[in-house]
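Below is one structure, written out as structure tokens; comments come after it.
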Amino acid sequence: MGAGAQGLDRGRTLDVLKTRMRSKRWLFLLYLVVVALFARTRWQFEFMLLLTVSLLTMSLIGHRLLTWLGIVPQPGAPLLFFKALLGQFVLIVAWLLCSPLTYAWTQGLGLPWALPLLVMGVAGAATWSLLKDRGRGLSGGNVAPGSALAWVPAVLGGLVCLKLAAYYSMRAGSLGLDTHQHIAFSLDLFRAGYPKLSAGSTDWVEKYPKMLHLLTSLWAWPGLGHHMGPFLKVQPVLQATLALFALFELTGCWLRRSLVDLRLQTAFAALVSLLWCYVMVRGTSYLYPMPDLNSTGRLAAFGVLLAPTLCAVLCWLVPARATQLLAWTLFAFAGAMAAKLNPSLVIGYASYAVPLFAVVMLVPWWKTGSVGGRLGRPALGVLAGGLLGGLLLACDPYYLQLLAEVSPTVHQFVENTLGLRVLETSHDISSASGGLARVWEVLRWELWYGPQPALWDQGLPAAAQIFSAKLLWATRVAAVLSLLLSLAFMVLLPRRQPQRNGFVLLFVLQVGALLAVVIALRSSNIISLVLGHETLQASLLSTYTQRYVDLLAMYSVPIHWLLLCATAVLGWDALRSLRGAPAAADAAPRWAGWAVLLVLLACTFAFRKIDVQGPPPKSMGWTLPVTEKKVRQFRAAEARLPKDAVVLAPAYSKVLNGREDWVLPAGEIASYLPFGARDYLFNVRLGSGYSLQAHDLDAAFCHASRADARALLRRQGITHIIATRGSARAPLFDREYCSLSYRDLGIWGSEVSEGPDGIVFYRILP
């Protein structure tokens with residue numbers, strides 16, 4: 001009888017698996033239809049598929065991490081974006097720890113694809129272990145009721161990913177006019193596969209933090225080096241999407257944990273979907289998060305800033321030792337990631353991520369009970385995360401460069417042991433602060449004597465990127481009412497009522513979100529007043545810190561709308577239970593499912609129809625958009641050049657406080673270089689042009705004689721030049737490159753090749 005029953009159970013399990021396989025086939029076909037709906041070109045279609053593969057791979061790795069730790073937040077909930085965020089952290093740690101192997105693979109054996117093979121190895125190990133665990137317990141595959149609702153965040157987030165993939169696959173991105181430099185950095189790191197310290201093919205220590213480029217390389221592994229530009233350009237909005245939809249998933253799990261009626265859960269999913277669709281369609285700055293292109297990799301930091309708080313929410317769902325260790329480890333490691341993304345994010349992490357994590361983590365930390373749990377687990381997690389984070393920063397060339405500039409010992413180690421060269425610059429910011437007296441004066445002004453805006457103006461600052469002032473005012477009022485409602489139910493509901501814990505978490509999250517933005521805003525004001533703009537470093541810290549607060553204000557709006565919806569649904573369910581209403585049904589009525597489906601269809605057509613508004617082309621000096629046809633024409637023109645050609649690109653310098661900052665390509669060329677297949681000289685920190693500064697450009701082409709300019713070109717080995725015919729009446733040869741004509745620089749003969757929009761390549765004989 002036992003064997004027969006066991007065989008019957010296995011037969012039923014196989015039937016369930018076959019049914020799931022058939023449903024997955026239909027889902028896959030539906031996905032291809034939606035991709036075809038969003039994709040207008042083959043290039044976009046390919047990139048959408050590659051991005052989907054990368055997202056699913058990271059989600060698989062994150063799922064394996066949770067399974068290995070014994071953490072099951074909610075049966076039947078996919079948690080696609082939360083697991084992808086965890087999988088991203090796992091891959092970063094794996095890349096860091098396996099760097100000796102990837103170095104030996106690339107440098108010792110001279111073999112390619114070290115990083116894609118590393119990702120495939122980690123994903124393969126995760127798949128094998130999951131199949132092994134499933135084989136041990138085949139009968140445990142039941143799906144929890146209401147799991148279909150748990151897929152709503154995954155579907156809506158997937159639509160957002162398709163939209164951003166369609167947009168950024170063929171546009172020059174929101175990372176600045178130096179996007180081509182970031183692409184070159186990412187390709188360099190991808191091809192190496194290990195923490196590379198030198199700049200391109202030179203022996204100079206790189207002077208740029210490389211976290212953005214590491215994230216790009218890990219996400220771009222399915223393309224094996226292709227589509228690197230689109231994978232780079234999606235990172236700002238992709239990281240924000242991962243964080244926001246992970247919070248959506250965990251909040252839905254908490255409502256199910258609070259035994260909310262399935263009909264109300266359906267209403268919550270539909271309402272949040274509509275509101276977030278409005279944010280992303282009406283507020284197109286979500287998909288293009290800056291009003292201009294003066295930005296860098298710090299835009300890709302929101303997922304890093306919010307990840308520790310998401311793990312703190314996970315501690316509420318699964319109050320276990322492993323969950324707390326994961327949260328504290330990620331808390332320390334994410335701080336190092338923020339610093340590696342951009343030095344200004346050290347301030348953003350300390351003023352936003354730390355207070356938010358502390359508020360949400362307070363209750364799970366206090367409930368550990370014993371002194372060992374309250375002190376030992378945080379200490380152990382922070383120690384592990386701190387060691388990994390310290391190793392991550394030690395392998396970053398930017399911080400190695402800073403240490404080499406201030407420490408003679410490190411300088412000798414870099415030059416004598418590593419065989420690299422250090423480009424020394426000034427990093428004196430002490431003169432801008434004025435000492436402790438200046439700090440005390442600024443603190444008194446900012447916190448006491450200066451103008452003090454209303455508290456709601458600080459917790460929910462103006463976010464003009466999304467909606468009008470009237471809706472902002474309504475959101476502030478709703479936030480206050482939501483806090484009062486949560487407090488009332490926390491007092492009135494009996495302690496055994498399942499909704500009470502739900503109100504506690506929502507109250508804590510809302511207070512933490514308001515408090516974190518307040519602290520970040522005031523910290524930004526203090527930093528700006530203390531440092532000022534007397535030096536380049538102080539100016540960058542002040543400017544970047546203030547701009548990131550503007551982004552936090554934008555991202556806070558969908559977070560608060562999510563919490564408001566959850567509070568309203570939980571409050572309605574609590575009132576029903578207090579009035580003695582019947583218990584929740586096992587399944588929501590059929591009309592509820594159709595309502596959610598209609599909402600998702602409306603979101604699909606809204607995302608498909610919206611035209612993302614980037615910066616005006618005239619204000620940025622380039623042509624938007626760049627079509628796939630034009631990109632193919634540009635690459636064909638590049639391919640006609642010799643492989644060893646060194647190409648000079650017309651550029652202009654961006655100088656702050658008398659010191660070089662960026663060298664940026666000029667005119668229509670700027671919009672094509674992010675799609676180029678080669679490096680171009682005088683894009684600073686690229687290839688052989690790394691040691692050149694902006695003042696070198698200015699001296700060579702704006703204040704030098706013809707002979708001196710040609711001498712510089714000969715020293716750099718220039719063989720070709722890229723230019724545009726333009727609409728000028730003067731012949732191309734006589735047009736000026738700053739104060740010198742192209743003829744003075746040595747253009748000879750007819751063009752070697754011609755690309756779109758009048759772009760031409762000429763042989764140059766300096």
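A note on labels: chains of the structure tokens are A, B, ... as shown, every chain counts residues from 1, and ligands are counted from 1 in their shown order.
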- prompt: Do you know which residues are at most 10 Å from Gln546 (chain A) counting only C-alpha atoms, after dropping those on the same chain fewer than 4 positions away, and could you put them as a count of residues only?
  reply: 15
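CA of Leu65 (chain A) to CA of Tyr349 (chain A) spans 24.9 Å [interatomic distance, one decimal].
Using only C-alpha atoms, the nearest neighbour of Met361 (chain A) within the list A:Val272, A:Leu509, A:Val549, A:Leu601 is A:Leu509.
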task: Find the residues around region 151-162 of chain A up to 9 Å (only C-alpha atoms counted), leave out those fewer than 6 positions away in its own chain, and share them as a PyMOL selection string.
output: chain A and resi 34-35+38-39+48+51-52+77-81+234+237-238+241-242+245-246+248-249+252+269-270+273+277+280+287+596+600+603-604+607-608
Just C-alpha atoms for this one: save the residues we selected as a tab-separated table (two decimals), in the first residue's frame.
chain	number	residue	atom	x	y	z
A	34	VAL	CA	5.03	41.34	-26.26
A	35	VAL	CA	8.70	41.71	-27.23
A	38	PHE	CA	7.89	46.75	-28.23
A	39	ALA	CA	10.74	46.06	-30.66
A	48	MET	CA	15.46	42.60	-25.14
A	51	LEU	CA	18.40	41.50	-21.05
A	52	THR	CA	15.70	38.95	-20.22
A	77	ALA	CA	5.74	34.09	-4.81
A	78	PRO	CA	8.38	34.41	-7.58
A	79	LEU	CA	10.08	37.55	-6.15
A	80	LEU	CA	11.77	37.95	-9.52
A	81	PHE	CA	13.28	41.39	-8.95
A	234	VAL	CA	20.10	50.96	-19.02
A	237	VAL	CA	16.80	53.04	-14.66
A	238	LEU	CA	17.37	49.26	-14.44
A	241	THR	CA	13.47	49.25	-11.35
A	242	LEU	CA	15.04	46.31	-9.51
A	245	PHE	CA	9.67	46.32	-7.85
A	246	ALA	CA	11.51	44.26	-5.23
A	248	PHE	CA	6.48	45.89	-4.44
A	249	GLU	CA	7.03	42.12	-4.25
A	252	GLY	CA	2.65	41.97	-1.46
A	269	ALA	CA	-2.05	44.95	-7.13
A	270	ALA	CA	-4.30	46.72	-9.64
A	273	SER	CA	0.02	48.99	-11.16
A	277	CYS	CA	2.20	53.19	-14.72
A	280	MET	CA	6.50	56.04	-15.52
A	287	LEU	CA	12.85	56.30	-17.76
A	596	VAL	CA	-5.97	42.90	-12.99
A	600	LEU	CA	-1.85	45.11	-17.12
A	603	CYS	CA	-0.12	49.42	-18.86
A	604	THR	CA	1.27	47.47	-21.82
A	607	PHE	CA	4.33	51.80	-22.20
A	608	ARG	CA	4.26	50.90	-25.87
task: Kindly give the distance, in Å, that separates CA of Cys738 (chain A) and CA of Thr627 (chain A), rounded to a single decimal.
output: 29.5 Å
